[in-house]
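Data first, discussion second: the structure below is written as structure tokens.
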Amino acid sequence: MAISRILIANRGEIALRIHRAAHEMGIETVAVHSTADADAMHVRLADHAVCIGPPPATDSYLNVANIISAAEIAGADAIHPGYGFLSENAKFAEIVEAHDIVWIGPKPEHIRTMGDKVQAKKTAGALGLPLVPGSDGAVSDVEEAKKIAAEIGYPVIIKAASGGGGRGMKVCEAEDKLETLMKQAGSEAKAAFGDATVYIEKYLGNPRHIEFQVFGDGRGGAIHLGERDCSLQRRHQKVLEEAPSPVISDEERAQMGEVCSKAMRDMAYRGAGTIEFLWENGEFYFIEMNTRLQVEHPVTEAITGMDLVREQIRIADGKDLSCTQDQIEFKGHAIECRINAEDPFTFAPSPGKVTHYHPAGGMHVRVDSGLYAGYSIPPYYDSMIAKLIVYGRSREKCIMRLKRALEEMVIEGVNHSVPLHEELLQQPDVLSGDYSIKWLEEWLKERE
Ligand code: ADP
């Protein structure tokens, strides 16, 4: 069966990203949008557009019935969920498939397993991935939690089984705080995710966040596309990502990449996935798997030359992976800066009208964004308004080009993160690649 019309169940830059891949494959697109997004770029570019509800995401971008109706009305034969919203909702994937619409994503059962972090860790362990030491599964009893924490040693981190986006995590330094923090984590998780289940992990002192991009054909074939280093984070949210990681050798990449792709072959995983690890002193520790496209996927595209959305569509269409592991070559270096509509240093949100917009250009510079002059950034959704992705033959050349590209970016009318990235790229630790997941917050504190 050949996909001929894809409904894009998302908004912003990722909706555009999917539209572009589809059109380059000769496939039509259907945009869905809330009333707040009637003027959005993805709506303007798509071949068809359907309004699916009022501004709040629960009434529009998360409104399953309206999205399915839109697909039927517009004659879409496939749905791409992008990231966020319904992308990791196994029930939605099942409903899409039950309507004989192609789901451009992993098998629903794999989304479900990996979406529950307790299950995900068990599965990853059984597949041979190295784990962060911690509880064997969910923990509800405080005495049991105390025993586990004493065994692995403080500090520990209490995490929500249904957590995501860096929410529902509590670091516990000592036993006398464990009970209170467990209760807090549980009730926060209940409020945010409707599930109070928590588990416990060793809190690693100064790790890096390193993740592997994988692709499976759903029939036992799988490849990896190397790693991304996403250690520059604020409140567990990624700010700048790069590929390859400054600390991973070719041998380590090949070895860990094979561990990841073997795990995917054993599961008969389908589509794009990211296996996230913390890395400390040369050791990898699995933390979670994301069963979707990641925000930072373009850095992998830059160093492999592969179009990851095209690959997702091909696999959903039942085709084989477009290449074998041997055919994948990692070349040069790429960095992505996430640009948010917020104050660059206080991070106060800054939605509103963009009066002037001029994206950076030139060789090996890519800007993924739905911005245009006159566009009003609505206050209802994620604050990310653009991604600047730059490639260079070496990390040094990539950084020089990135500095040049940041100079060129013009976004007026709202506050945004470009000044933060410009300052980051002057820091010796960033230039040398010597940073951990704690670096950015510590630097921000000192800067105050
Ligand atoms: P989420 O799904 O909410 O993003 P993750 O499990 O991926 O949660 O963790 C997000 C971030 O939280 C990691 O990138 C890291 O910065 C921090 N983190 C998670 N687990 C640990 C741990 N065991 N030790 C130290 N930091 C951790």
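Following the order of the structure tokens, first chain is A, next is B, and so on, with residues numbered from 1 inside each chain and ligands from 1 in the order they appear.
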Excluding A:Glu211 and its own-chain neighbours fewer than 3 positions away, which residues fall within 9 Å of it when counting only C-alpha atoms? Please give them as a ChimeraX atom specification. /A:226-230,274-278
Keeping only N, CA and C atoms, write the selected residues to a file as a JSON list (two decimals), in the first residue's frame.
```json
[["chain", "number", "residue", "atom", "x", "y", "z"],
["A", 226, "GLY", "N", 23.99, 6.35, 15.43],
["A", 226, "GLY", "CA", 24.92, 7.04, 16.31],
["A", 226, "GLY", "C", 24.23, 7.78, 17.42],
["A", 227, "GLU", "N", 25.01, 8.59, 18.13],
["A", 227, "GLU", "CA", 24.51, 9.23, 19.35],
["A", 227, "GLU", "C", 24.37, 10.74, 19.19],
["A", 228, "ARG", "N", 23.62, 11.32, 20.14],
["A", 228, "ARG", "CA", 23.54, 12.77, 20.30],
["A", 228, "ARG", "C", 23.88, 13.07, 21.75],
["A", 229, "ASP", "N", 24.58, 14.15, 21.97],
["A", 229, "ASP", "CA", 24.91, 14.56, 23.33],
["A", 229, "ASP", "C", 23.99, 15.72, 23.68],
["A", 230, "CYS", "N", 23.14, 15.51, 24.68],
["A", 230, "CYS", "CA", 22.14, 16.52, 25.06],
["A", 230, "CYS", "C", 22.35, 16.91, 26.51],
["A", 274, "THR", "N", 14.51, 6.50, 20.23],
["A", 274, "THR", "CA", 15.73, 7.02, 20.85],
["A", 274, "THR", "C", 15.93, 6.34, 22.19],
["A", 275, "ILE", "N", 17.10, 5.78, 22.37],
["A", 275, "ILE", "CA", 17.42, 5.13, 23.64],
["A", 275, "ILE", "C", 18.32, 6.09, 24.41],
["A", 276, "GLU", "N", 17.81, 6.55, 25.55],
["A", 276, "GLU", "CA", 18.52, 7.57, 26.33],
["A", 276, "GLU", "C", 19.34, 6.94, 27.45],
["A", 277, "PHE", "N", 20.58, 7.43, 27.57],
["A", 277, "PHE", "CA", 21.46, 6.96, 28.63],
["A", 277, "PHE", "C", 22.04, 8.15, 29.39],
["A", 278, "LEU", "N", 22.37, 7.89, 30.65],
["A", 278, "LEU", "CA", 23.29, 8.79, 31.33],
["A", 278, "LEU", "C", 24.66, 8.12, 31.18]]
```
If the limit is 9 Å from any atom of ligand 1, counting only C-alpha atoms and all ligand atoms, which residues qualify? Return them as a PyMOL selection string. chain A and resi 115+117+132-134+155-160+162-169+171+200-210+230-238+276-278+285-290+436-438
Write out as a CSV table (one decimal) with C-alpha atoms, in the first residue's frame each polymer residue whose atoms come within 12 Å of A:Cys398, counting only C-alpha atoms; drop sequence neighbours fewer than 2 positions from it.
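In the end it all went to part_30.csv:
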```
chain,number,residue,atom,x,y,z
A,242,GLU,CA,25.3,18.0,19.4
A,243,ALA,CA,26.3,15.0,17.3
A,244,PRO,CA,28.6,13.2,17.7
A,299,VAL,CA,21.8,16.9,14.2
A,302,ALA,CA,23.3,16.5,9.4
A,303,ILE,CA,26.1,14.0,10.1
A,332,GLY,CA,31.6,16.0,10.5
A,333,HIS,CA,29.8,17.6,13.4
A,334,ALA,CA,26.4,19.2,14.0
A,335,ILE,CA,24.9,21.4,16.8
A,336,GLU,CA,21.3,22.4,17.3
A,363,MET,CA,26.2,26.9,3.7
A,364,HIS,CA,25.3,24.1,6.2
A,365,VAL,CA,22.9,26.3,8.1
A,389,ILE,CA,21.0,23.5,13.2
A,390,VAL,CA,24.6,24.0,11.9
A,391,TYR,CA,27.0,21.5,10.3
A,392,GLY,CA,30.8,21.7,10.1
A,393,ARG,CA,33.6,19.3,9.0
A,394,SER,CA,34.9,19.4,12.5
A,395,ARG,CA,33.5,20.5,15.9
A,396,GLU,CA,35.6,23.7,15.8
A,400,MET,CA,32.6,29.0,14.2
A,401,ARG,CA,29.7,28.7,11.8
A,402,LEU,CA,27.2,28.5,14.6
A,403,LYS,CA,28.5,31.8,16.0
A,404,ARG,CA,28.2,33.4,12.6
A,405,ALA,CA,24.7,32.0,12.1
A,425,LEU,CA,29.3,29.7,22.8
A,431,LEU,CA,34.0,25.2,23.5
```
Near-A:Leu181 list (10 Å; only C-alpha atoms; drop same-chain fewer than 2 positions) as a list of chain:residue names: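 The residues that qualify are A:Ile157, A:Ile158, A:Met169, A:Lys170, A:Val171, A:Cys172, A:Asp176, A:Lys177, A:Leu178, A:Glu179, A:Lys183, A:Gln184, A:Ala185, A:Gly186, A:Ser187.
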All strand (DSSP E) residues (DSSP, backbone) inside stretch 249-345 of chain A, as a PDB file with N, CA, C and O atoms, in the first residue's frame:
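Below is the file result.pdb, written as the result:
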```pdb
ATOM      1  N   ARG A 270       9.587  -1.139  15.405  1.00  0.00           N
ATOM      2  CA  ARG A 270       9.237  -0.528  14.113  1.00  0.00           C
ATOM      3  C   ARG A 270       9.372   0.997  14.199  1.00  0.00           C
ATOM      4  O   ARG A 270       8.865   1.613  15.127  1.00  0.00           O
ATOM      5  N   GLY A 271      10.046   1.565  13.231  1.00  0.00           N
ATOM      6  CA  GLY A 271      10.103   3.028  13.140  1.00  0.00           C
ATOM      7  C   GLY A 271      11.258   3.639  13.920  1.00  0.00           C
ATOM      8  O   GLY A 271      12.229   2.966  14.267  1.00  0.00           O
ATOM      9  N   ALA A 272      11.131   4.947  14.187  1.00  0.00           N
ATOM     10  CA  ALA A 272      12.203   5.689  14.850  1.00  0.00           C
ATOM     11  C   ALA A 272      12.087   5.556  16.362  1.00  0.00           C
ATOM     12  O   ALA A 272      10.996   5.525  16.912  1.00  0.00           O
ATOM     13  N   GLY A 273      13.231   5.501  17.008  1.00  0.00           N
ATOM     14  CA  GLY A 273      13.240   5.475  18.467  1.00  0.00           C
ATOM     15  C   GLY A 273      14.532   6.071  18.979  1.00  0.00           C
ATOM     16  O   GLY A 273      15.513   6.179  18.232  1.00  0.00           O
ATOM     17  N   THR A 274      14.514   6.496  20.235  1.00  0.00           N
ATOM     18  CA  THR A 274      15.727   7.020  20.851  1.00  0.00           C
ATOM     19  C   THR A 274      15.927   6.344  22.194  1.00  0.00           C
ATOM     20  O   THR A 274      15.009   6.310  23.014  1.00  0.00           O
ATOM     21  N   ILE A 275      17.101   5.784  22.369  1.00  0.00           N
ATOM     22  CA  ILE A 275      17.420   5.132  23.642  1.00  0.00           C
ATOM     23  C   ILE A 275      18.319   6.090  24.414  1.00  0.00           C
ATOM     24  O   ILE A 275      19.401   6.441  23.952  1.00  0.00           O
ATOM     25  N   GLU A 276      17.808   6.548  25.551  1.00  0.00           N
ATOM     26  CA  GLU A 276      18.525   7.567  26.325  1.00  0.00           C
ATOM     27  C   GLU A 276      19.342   6.944  27.449  1.00  0.00           C
ATOM     28  O   GLU A 276      18.845   6.076  28.174  1.00  0.00           O
ATOM     29  N   PHE A 277      20.579   7.433  27.570  1.00  0.00           N
ATOM     30  CA  PHE A 277      21.463   6.965  28.628  1.00  0.00           C
ATOM     31  C   PHE A 277      22.035   8.148  29.394  1.00  0.00           C
ATOM     32  O   PHE A 277      22.192   9.237  28.844  1.00  0.00           O
ATOM     33  N   LEU A 278      22.373   7.894  30.649  1.00  0.00           N
ATOM     34  CA  LEU A 278      23.291   8.793  31.329  1.00  0.00           C
ATOM     35  C   LEU A 278      24.658   8.121  31.178  1.00  0.00           C
ATOM     36  O   LEU A 278      24.755   6.892  31.149  1.00  0.00           O
ATOM     37  N   TRP A 279      25.683   8.938  31.063  1.00  0.00           N
ATOM     38  CA  TRP A 279      27.035   8.411  30.816  1.00  0.00           C
ATOM     39  C   TRP A 279      27.963   9.039  31.846  1.00  0.00           C
ATOM     40  O   TRP A 279      27.973  10.262  32.010  1.00  0.00           O
ATOM     41  N   GLU A 280      28.659   8.200  32.569  1.00  0.00           N
ATOM     42  CA  GLU A 280      29.586   8.720  33.578  1.00  0.00           C
ATOM     43  C   GLU A 280      30.806   7.808  33.622  1.00  0.00           C
ATOM     44  O   GLU A 280      30.657   6.582  33.678  1.00  0.00           O
ATOM     45  N   GLU A 283      30.916   4.769  31.442  1.00  0.00           N
ATOM     46  CA  GLU A 283      29.838   3.767  31.531  1.00  0.00           C
ATOM     47  C   GLU A 283      28.503   4.359  31.108  1.00  0.00           C
ATOM     48  O   GLU A 283      28.193   5.509  31.455  1.00  0.00           O
ATOM     49  N   PHE A 284      27.709   3.553  30.395  1.00  0.00           N
ATOM     50  CA  PHE A 284      26.361   3.961  29.997  1.00  0.00           C
ATOM     51  C   PHE A 284      25.329   3.384  30.956  1.00  0.00           C
ATOM     52  O   PHE A 284      25.456   2.232  31.383  1.00  0.00           O
ATOM     53  N   TYR A 285      24.308   4.180  31.281  1.00  0.00           N
ATOM     54  CA  TYR A 285      23.197   3.711  32.108  1.00  0.00           C
ATOM     55  C   TYR A 285      21.884   4.104  31.439  1.00  0.00           C
ATOM     56  O   TYR A 285      21.594   5.299  31.313  1.00  0.00           O
ATOM     57  N   PHE A 286      21.091   3.124  31.027  1.00  0.00           N
ATOM     58  CA  PHE A 286      19.798   3.386  30.385  1.00  0.00           C
ATOM     59  C   PHE A 286      18.885   4.168  31.317  1.00  0.00           C
ATOM     60  O   PHE A 286      18.755   3.837  32.494  1.00  0.00           O
ATOM     61  N   ILE A 287      18.240   5.243  30.828  1.00  0.00           N
ATOM     62  CA  ILE A 287      17.187   5.888  31.621  1.00  0.00           C
ATOM     63  C   ILE A 287      15.803   5.743  30.999  1.00  0.00           C
ATOM     64  O   ILE A 287      14.837   5.511  31.694  1.00  0.00           O
ATOM     65  N   GLU A 288      15.701   5.897  29.678  1.00  0.00           N
ATOM     66  CA  GLU A 288      14.377   5.688  29.087  1.00  0.00           C
ATOM     67  C   GLU A 288      14.489   5.560  27.573  1.00  0.00           C
ATOM     68  O   GLU A 288      15.520   5.871  26.984  1.00  0.00           O
ATOM     69  N   MET A 289      13.397   5.098  26.963  1.00  0.00           N
ATOM     70  CA  MET A 289      13.356   5.067  25.510  1.00  0.00           C
ATOM     71  C   MET A 289      12.168   5.894  25.031  1.00  0.00           C
ATOM     72  O   MET A 289      11.055   5.764  25.554  1.00  0.00           O
ATOM     73  N   ASN A 290      12.408   6.750  24.048  1.00  0.00           N
ATOM     74  CA  ASN A 290      11.326   7.536  23.457  1.00  0.00           C
ATOM     75  C   ASN A 290      10.935   6.914  22.126  1.00  0.00           C
ATOM     76  O   ASN A 290      11.772   6.737  21.242  1.00  0.00           O
ATOM     77  N   HIS A 333      30.383  17.310  12.128  1.00  0.00           N
ATOM     78  CA  HIS A 333      29.806  17.619  13.429  1.00  0.00           C
ATOM     79  C   HIS A 333      28.606  18.545  13.252  1.00  0.00           C
ATOM     80  O   HIS A 333      28.619  19.395  12.357  1.00  0.00           O
ATOM     81  N   ALA A 334      27.584  18.367  14.076  1.00  0.00           N
ATOM     82  CA  ALA A 334      26.405  19.239  13.993  1.00  0.00           C
ATOM     83  C   ALA A 334      25.951  19.652  15.384  1.00  0.00           C
ATOM     84  O   ALA A 334      26.058  18.879  16.339  1.00  0.00           O
ATOM     85  N   ILE A 335      25.458  20.877  15.487  1.00  0.00           N
ATOM     86  CA  ILE A 335      24.926  21.399  16.759  1.00  0.00           C
ATOM     87  C   ILE A 335      23.565  22.029  16.486  1.00  0.00           C
ATOM     88  O   ILE A 335      23.375  22.688  15.460  1.00  0.00           O
ATOM     89  N   GLU A 336      22.640  21.793  17.409  1.00  0.00           N
ATOM     90  CA  GLU A 336      21.319  22.431  17.330  1.00  0.00           C
ATOM     91  C   GLU A 336      21.124  23.343  18.532  1.00  0.00           C
ATOM     92  O   GLU A 336      21.393  22.960  19.668  1.00  0.00           O
ATOM     93  N   CYS A 337      20.644  24.566  18.279  1.00  0.00           N
ATOM     94  CA  CYS A 337      20.243  25.470  19.357  1.00  0.00           C
ATOM     95  C   CYS A 337      18.720  25.564  19.354  1.00  0.00           C
ATOM     96  O   CYS A 337      18.127  25.874  18.322  1.00  0.00           O
ATOM     97  N   ARG A 338      18.115  25.300  20.498  1.00  0.00           N
ATOM     98  CA  ARG A 338      16.662  25.483  20.604  1.00  0.00           C
ATOM     99  C   ARG A 338      16.393  26.940  20.923  1.00  0.00           C
ATOM    100  O   ARG A 338      16.939  27.482  21.894  1.00  0.00           O
ATOM    101  N   ILE A 339      15.560  27.555  20.114  1.00  0.00           N
ATOM    102  CA  ILE A 339      15.231  28.966  20.333  1.00  0.00           C
ATOM    103  C   ILE A 339      13.793  29.054  20.833  1.00  0.00           C
ATOM    104  O   ILE A 339      12.861  28.613  20.157  1.00  0.00           O
ATOM    105  N   ASN A 340      13.645  29.554  22.058  1.00  0.00           N
ATOM    106  CA  ASN A 340      12.333  29.659  22.684  1.00  0.00           C
ATOM    107  C   ASN A 340      11.893  31.109  22.761  1.00  0.00           C
ATOM    108  O   ASN A 340      12.732  32.011  22.832  1.00  0.00           O
TER     109      ASN A 340
END
```
Considering only C-alpha atoms, give me a table of residues in stretch 312-363 of chain A that are at most 10 Å from stretch 373-388 of chain A, with the closest atom pair and distance in Å for each, as JSON lines.
```
{"residue": "A:Ile335", "atom": "CA", "partner": "A:Leu388", "partner_atom": "CA", "distance": 8.1}
{"residue": "A:Glu336", "atom": "CA", "partner": "A:Leu388", "partner_atom": "CA", "distance": 5.5}
{"residue": "A:Cys337", "atom": "CA", "partner": "A:Leu388", "partner_atom": "CA", "distance": 5.2}
{"residue": "A:Arg338", "atom": "CA", "partner": "A:Lys387", "partner_atom": "CA", "distance": 4.9}
{"residue": "A:Ile339", "atom": "CA", "partner": "A:Ala386", "partner_atom": "CA", "distance": 5.1}
{"residue": "A:Asn340", "atom": "CA", "partner": "A:Met384", "partner_atom": "CA", "distance": 4.1}
{"residue": "A:Ala341", "atom": "CA", "partner": "A:Ser383", "partner_atom": "CA", "distance": 5.3}
{"residue": "A:Glu342", "atom": "CA", "partner": "A:Ser383", "partner_atom": "CA", "distance": 7.1}
{"residue": "A:Pro349", "atom": "CA", "partner": "A:Ser383", "partner_atom": "CA", "distance": 7.1}
{"residue": "A:Ser350", "atom": "CA", "partner": "A:Pro379", "partner_atom": "CA", "distance": 8.1}
{"residue": "A:Pro351", "atom": "CA", "partner": "A:Ile377", "partner_atom": "CA", "distance": 5.1}
{"residue": "A:Gly352", "atom": "CA", "partner": "A:Ile377", "partner_atom": "CA", "distance": 5.0}
{"residue": "A:Lys353", "atom": "CA", "partner": "A:Ser376", "partner_atom": "CA", "distance": 4.0}
{"residue": "A:Val354", "atom": "CA", "partner": "A:Gly374", "partner_atom": "CA", "distance": 5.4}
{"residue": "A:Thr355", "atom": "CA", "partner": "A:Ala373", "partner_atom": "CA", "distance": 5.3}
{"residue": "A:His356", "atom": "CA", "partner": "A:Ala373", "partner_atom": "CA", "distance": 4.9}
{"residue": "A:Tyr357", "atom": "CA", "partner": "A:Ala373", "partner_atom": "CA", "distance": 5.1}
{"residue": "A:His358", "atom": "CA", "partner": "A:Ala373", "partner_atom": "CA", "distance": 8.2}
{"residue": "A:Pro359", "atom": "CA", "partner": "A:Leu388", "partner_atom": "CA", "distance": 8.8}
{"residue": "A:Ala360", "atom": "CA", "partner": "A:Leu388", "partner_atom": "CA", "distance": 8.2}
{"residue": "A:Gly361", "atom": "CA", "partner": "A:Leu388", "partner_atom": "CA", "distance": 9.9}
```
Selected residues, all heavy atoms, written as a compact mmCIF listing (two decimals), in the first residue's frame, please.
```
# COMPACT_ATOMS: atom_id res chain seq x y z
N ILE A 335 25.46 20.88 15.49
CA ILE A 335 24.93 21.40 16.76
C ILE A 335 23.56 22.03 16.49
O ILE A 335 23.38 22.69 15.46
CB ILE A 335 25.89 22.45 17.38
CG1 ILE A 335 27.26 21.84 17.65
CG2 ILE A 335 25.29 23.01 18.69
CD1 ILE A 335 28.27 22.78 18.28
N GLU A 336 22.64 21.79 17.41
CA GLU A 336 21.32 22.43 17.33
C GLU A 336 21.12 23.34 18.53
O GLU A 336 21.39 22.96 19.67
CB GLU A 336 20.21 21.36 17.34
CG GLU A 336 18.81 21.96 17.49
CD GLU A 336 17.72 20.89 17.53
OE1 GLU A 336 17.34 20.43 16.44
OE2 GLU A 336 17.26 20.54 18.63
N CYS A 337 20.64 24.57 18.28
CA CYS A 337 20.24 25.47 19.36
C CYS A 337 18.72 25.56 19.35
O CYS A 337 18.13 25.87 18.32
CB CYS A 337 20.81 26.87 19.14
SG CYS A 337 22.59 26.95 19.21
N ARG A 338 18.11 25.30 20.50
CA ARG A 338 16.66 25.48 20.60
C ARG A 338 16.39 26.94 20.92
O ARG A 338 16.94 27.48 21.89
CB ARG A 338 16.09 24.63 21.72
CG ARG A 338 16.24 23.14 21.48
CD ARG A 338 15.38 22.37 22.47
NE ARG A 338 15.67 20.95 22.39
CZ ARG A 338 14.88 20.01 22.89
NH1 ARG A 338 13.76 20.35 23.52
NH2 ARG A 338 15.19 18.74 22.78
N ILE A 339 15.56 27.56 20.11
CA ILE A 339 15.23 28.97 20.33
C ILE A 339 13.79 29.05 20.83
O ILE A 339 12.86 28.61 20.16
CB ILE A 339 15.46 29.77 19.04
CG1 ILE A 339 16.94 29.65 18.62
CG2 ILE A 339 15.06 31.24 19.25
CD1 ILE A 339 17.26 30.22 17.26
N ASN A 340 13.64 29.55 22.06
CA ASN A 340 12.33 29.66 22.68
C ASN A 340 11.89 31.11 22.76
O ASN A 340 12.73 32.01 22.83
CB ASN A 340 12.37 29.09 24.10
CG ASN A 340 12.74 27.62 24.13
OD1 ASN A 340 12.51 26.89 23.15
ND2 ASN A 340 13.30 27.18 25.23
N ALA A 341 10.58 31.32 22.78
CA ALA A 341 10.04 32.67 23.00
C ALA A 341 9.98 32.89 24.51
O ALA A 341 8.97 32.64 25.16
CB ALA A 341 8.66 32.80 22.37
N GLU A 342 11.10 33.32 25.06
CA GLU A 342 11.20 33.55 26.50
C GLU A 342 12.40 34.45 26.74
O GLU A 342 13.27 34.59 25.88
CB GLU A 342 11.38 32.22 27.24
CG GLU A 342 12.66 31.51 26.88
CD GLU A 342 12.78 30.06 27.39
OE1 GLU A 342 11.76 29.48 27.80
OE2 GLU A 342 13.88 29.53 27.35
N PRO A 349 8.24 33.41 30.00
CA PRO A 349 7.64 33.25 28.67
C PRO A 349 7.39 34.59 27.99
O PRO A 349 7.09 35.58 28.66
CB PRO A 349 6.32 32.54 28.94
CG PRO A 349 6.43 31.98 30.30
CD PRO A 349 7.41 32.82 31.05
N SER A 350 7.52 34.62 26.67
CA SER A 350 7.35 35.87 25.94
C SER A 350 6.60 35.65 24.63
O SER A 350 7.14 35.83 23.54
CB SER A 350 8.75 36.48 25.67
OG SER A 350 8.64 37.70 24.98
N PRO A 351 5.32 35.24 24.74
CA PRO A 351 4.55 35.10 23.51
C PRO A 351 4.22 36.48 22.94
O PRO A 351 4.50 37.48 23.59
CB PRO A 351 3.27 34.38 23.97
CG PRO A 351 3.13 34.73 25.41
CD PRO A 351 4.51 34.99 25.93
N GLY A 352 3.65 36.53 21.75
CA GLY A 352 3.28 37.82 21.18
C GLY A 352 3.64 37.92 19.72
O GLY A 352 4.03 36.93 19.08
N LYS A 353 3.53 39.14 19.22
CA LYS A 353 3.70 39.35 17.78
C LYS A 353 5.16 39.52 17.38
O LYS A 353 5.90 40.32 17.96
CB LYS A 353 2.92 40.60 17.36
CG LYS A 353 2.84 40.75 15.87
CD LYS A 353 1.74 41.72 15.49
CE LYS A 353 1.77 41.96 14.00
NZ LYS A 353 0.55 42.58 13.54
N VAL A 354 5.57 38.76 16.37
CA VAL A 354 6.92 38.87 15.82
C VAL A 354 6.87 39.98 14.78
O VAL A 354 6.18 39.86 13.76
CB VAL A 354 7.36 37.54 15.18
CG1 VAL A 354 8.72 37.67 14.51
CG2 VAL A 354 7.36 36.44 16.22
N THR A 355 7.59 41.08 15.04
CA THR A 355 7.52 42.22 14.13
C THR A 355 8.48 42.07 12.95
O THR A 355 8.17 42.42 11.82
CB THR A 355 7.78 43.53 14.88
OG1 THR A 355 9.00 43.38 15.61
CG2 THR A 355 6.65 43.85 15.83
N HIS A 356 9.69 41.56 13.25
CA HIS A 356 10.66 41.30 12.18
C HIS A 356 11.21 39.91 12.34
O HIS A 356 11.43 39.46 13.46
CB HIS A 356 11.83 42.30 12.25
CG HIS A 356 11.43 43.69 11.93
ND1 HIS A 356 11.19 44.12 10.64
CD2 HIS A 356 11.20 44.75 12.73
CE1 HIS A 356 10.82 45.39 10.67
NE2 HIS A 356 10.82 45.79 11.93
N TYR A 357 11.45 39.24 11.22
CA TYR A 357 12.03 37.89 11.29
C TYR A 357 12.96 37.70 10.10
O TYR A 357 12.57 37.90 8.95
CB TYR A 357 10.93 36.83 11.27
CG TYR A 357 11.47 35.41 11.21
CD1 TYR A 357 12.26 34.92 12.25
CD2 TYR A 357 11.22 34.58 10.12
CE1 TYR A 357 12.77 33.63 12.21
CE2 TYR A 357 11.73 33.28 10.07
CZ TYR A 357 12.50 32.81 11.12
OH TYR A 357 13.01 31.54 11.07
N HIS A 358 14.19 37.33 10.40
CA HIS A 358 15.13 36.99 9.34
C HIS A 358 15.97 35.81 9.81
O HIS A 358 16.82 35.95 10.69
CB HIS A 358 16.03 38.18 9.01
CG HIS A 358 17.05 37.83 7.97
ND1 HIS A 358 16.77 37.80 6.63
CD2 HIS A 358 18.34 37.45 8.10
CE1 HIS A 358 17.85 37.42 5.98
NE2 HIS A 358 18.82 37.21 6.85
N PRO A 359 15.72 34.63 9.26
CA PRO A 359 16.50 33.46 9.71
C PRO A 359 17.91 33.49 9.13
O PRO A 359 18.15 34.08 8.08
CB PRO A 359 15.71 32.28 9.14
CG PRO A 359 14.98 32.82 7.96
CD PRO A 359 14.73 34.28 8.21
N ALA A 360 18.84 32.86 9.84
CA ALA A 360 20.21 32.75 9.34
C ALA A 360 20.22 31.87 8.10
O ALA A 360 19.29 31.09 7.88
CB ALA A 360 21.09 32.12 10.42
N GLY A 361 21.24 32.03 7.28
CA GLY A 361 21.34 31.22 6.06
C GLY A 361 22.78 30.84 5.79
O GLY A 361 23.62 30.87 6.68
```
When distances are computed from only C-alpha atoms, which of A:Val32, A:Leu293, A:Ala348, A:Val239 shows the smallest separation from A:Asn63?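 Residue with the minimum atom-to-atom distance to A:Asn63: A:Val32.
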Can you pull out the residues contacting A:Ile18? Cut-off 8 Å, using only C-alpha atoms, and skip same-chain residues under 3 positions away; I want them as a CSV table (one decimal) with all heavy atoms, in the first residue's frame.
```csv
chain,number,residue,atom,x,y,z
A,8,ILE,N,-1.0,15.5,9.5
A,8,ILE,CA,0.0,15.8,10.5
A,8,ILE,C,-0.7,16.3,11.8
A,8,ILE,O,-1.2,17.4,11.9
A,8,ILE,CB,0.9,17.0,10.0
A,8,ILE,CG1,1.5,16.5,8.6
A,8,ILE,CG2,2.0,17.3,11.0
A,8,ILE,CD1,2.2,17.7,7.8
A,14,ILE,N,7.6,21.2,13.9
A,14,ILE,CA,7.6,19.8,13.5
A,14,ILE,C,6.6,19.5,12.5
A,14,ILE,O,6.8,18.6,11.6
A,14,ILE,CB,7.6,18.9,14.8
A,14,ILE,CG1,8.0,17.5,14.4
A,14,ILE,CG2,6.2,18.9,15.4
A,14,ILE,CD1,9.4,17.3,13.9
A,15,ALA,N,5.5,20.2,12.5
A,15,ALA,CA,4.4,20.1,11.5
A,15,ALA,C,5.0,20.4,10.1
A,15,ALA,O,4.8,19.7,9.1
A,15,ALA,CB,3.2,20.9,11.8
A,21,ALA,N,9.1,16.7,4.3
A,21,ALA,CA,9.5,15.3,3.9
A,21,ALA,C,8.4,14.7,3.0
A,21,ALA,O,8.7,14.1,2.0
A,21,ALA,CB,9.7,14.5,5.2
A,22,ALA,N,7.1,14.9,3.4
A,22,ALA,CA,6.0,14.4,2.6
A,22,ALA,C,6.0,14.9,1.2
A,22,ALA,O,6.0,14.1,0.2
A,22,ALA,CB,4.7,14.6,3.3
A,80,HIS,N,0.9,11.2,11.0
A,80,HIS,CA,2.2,11.4,11.6
A,80,HIS,C,1.9,12.2,12.8
A,80,HIS,O,1.4,13.4,12.7
A,80,HIS,CB,3.2,12.1,10.7
A,80,HIS,CG,4.6,11.9,11.1
A,80,HIS,ND1,5.0,12.3,12.4
A,80,HIS,CD2,5.7,11.5,10.5
A,80,HIS,CE1,6.3,12.1,12.6
A,80,HIS,NE2,6.8,11.6,11.4
A,82,GLY,N,4.3,13.5,15.0
A,82,GLY,CA,5.3,14.4,15.4
A,82,GLY,C,5.9,14.0,16.8
A,82,GLY,O,6.0,12.8,17.0
A,309,VAL,N,12.5,11.7,8.8
A,309,VAL,CA,11.0,11.6,8.6
A,309,VAL,C,10.7,10.8,7.4
A,309,VAL,O,9.8,10.0,7.4
A,309,VAL,CB,10.5,13.0,8.6
A,309,VAL,CG1,9.0,13.0,8.3
A,309,VAL,CG2,10.8,13.8,9.8
```
Quick one, how far is atom CA of A:Val198 from atom CA of A:Pro56?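 Distance between the two atoms: 28.4 Å.
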